[in-house]
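Colleague: Let me give you the structure first, and then I'll get to my questions.
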Amino acid sequence: MAYNDQNIFARILRDELPAIKVYEDDQVLAFMDIMPQADGHTLVIPKVPAETLLDLPPEAAAYTIQIVQKVAKAIETGLDVKGIVLMQLSGSSAGQTVPHVHFHLIPSSIHELGRHAAQMGDQEKIKALAEKIKAAL
Ligand code: AMP
């Protein structure tokens with residue numbers, strides 16, 4: 001399917017919509033999930049326009065996973081977290097709701113996860129968690 005450049009994450013990348021950012025470089029952006037499944041739920045997205053993991057050029061995938069690892073380490077250190085669930089949903093059948101490829105970093109045990117994209121989080125609490133992650137980067 002053709003990439004829709006009006007999706008929420010494309011608009012965040014163009015600064016048309018706000019996001020609580022924790023990391024950004026010329027290829028990747030990491031920001032807090034607005035409806036977290038656990039405290040510190042963070043999203044890492046490549047800047048290249050790709051809808052799913054299957055559409056992502058291998059070089060971009062390789063670079064993005066390096067930043068996924070970097071941010072995961074910062075979550076672990078900054079939030080004193082022991083385990084992180086990495087989730088990547090490709091395709092609406094798999095539950096993908098935003099059609100720009102993204103990696104979820106969810107500091108939690110899989111057994112404790114709440115429902116996906118179900119409830120808006122407390123923005124001030126999310127900002128405070130983002131500051132701790134940024135400080136650990
Ligand atoms: P997925 O269902 O895998 O496509 O995940 C999309 C994620 O994006 C969900 O966890 C949502 O909570 C999250 N989300 C949706 N809109 C925003 C937004 N404006 N800022 C941050 N996270 C968002």
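Numbering starts fresh at 1 for the residues of each chain in the structure tokens, the chains themselves are lettered A, B, ... in the order given, and ligands are numbered from 1 as they appear.
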Can you tell me which residues surround Met35 in chain A at a distance of at most 7 Å, considering only C-alpha atoms, apart from same-chain residues fewer than 2 positions away, and format the answer as a VMD selection string?

Modeller: chain A and resid 33 37 117 to 121

Colleague: For Lys125 in chain A, please output as a PDB file with C-alpha atoms, in the first residue's frame all residues within 10 Å (counting only C-alpha atoms; exclusion window: fewer than 4 positions along the same chain).

Modeller:
ATOM      1  CA  ASP A  39       5.178   3.698  32.680  1.00  0.00           C
ATOM      2  CA  GLY A  40       7.982   4.713  30.298  1.00  0.00           C
ATOM      3  CA  GLY A 121      -1.815   8.615  29.881  1.00  0.00           C
ATOM      4  CA  LEU A 129       9.562   9.868  32.790  1.00  0.00           C
ATOM      5  CA  ALA A 130      10.891  11.247  29.482  1.00  0.00           C
TER       6      ALA A 130
END

Colleague: How would you report the residues lying within 6 Å of ligand 1, as a ChimeraX atom specification, if you count only C-alpha atoms and all ligand atoms?

Modeller: /A:19,32-36,89,95-98,116-117

Colleague: Pull C-alpha atoms from the residues just selected and write them as a PDB file, in the first residue's frame.

Modeller:
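Contents of out_25.pdb, as written:
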ATOM      1  CA  ALA A  19       5.379  14.805  20.921  1.00  0.00           C
ATOM      2  CA  MET A  32       6.813   8.781  24.556  1.00  0.00           C
ATOM      3  CA  ASP A  33       3.681   6.805  23.724  1.00  0.00           C
ATOM      4  CA  ILE A  34       0.649   8.971  24.462  1.00  0.00           C
ATOM      5  CA  MET A  35      -1.426   5.962  25.638  1.00  0.00           C
ATOM      6  CA  PRO A  36       1.219   3.956  27.477  1.00  0.00           C
ATOM      7  CA  LEU A  89       3.239  -4.644  14.851  1.00  0.00           C
ATOM      8  CA  GLY A  95      -2.962  -4.636  15.390  1.00  0.00           C
ATOM      9  CA  GLN A  96      -0.930  -1.796  13.856  1.00  0.00           C
ATOM     10  CA  THR A  97      -2.952   1.409  14.245  1.00  0.00           C
ATOM     11  CA  VAL A  98      -0.502   4.054  12.969  1.00  0.00           C
ATOM     12  CA  HIS A 116      -2.650  -1.677  23.594  1.00  0.00           C
ATOM     13  CA  ALA A 117      -3.491   2.018  22.815  1.00  0.00           C
TER      14      ALA A 117
END

Colleague: Using only C-alpha atoms for the distances, tell me which of A:Asp25, A:Glu51, A:Asp122, A:Glu16 is nearest to His100 in chain A.

Modeller: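 For His100 in chain A, the nearest of the candidates is A:Glu51.
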
Colleague: Identify which of the residues A:Val71, A:Val85, A:Pro99, A:Ile65 lies closest to Phe9 in chain A, counting only C-alpha atoms when measuring atom-to-atom distances.

Modeller: A:Pro99
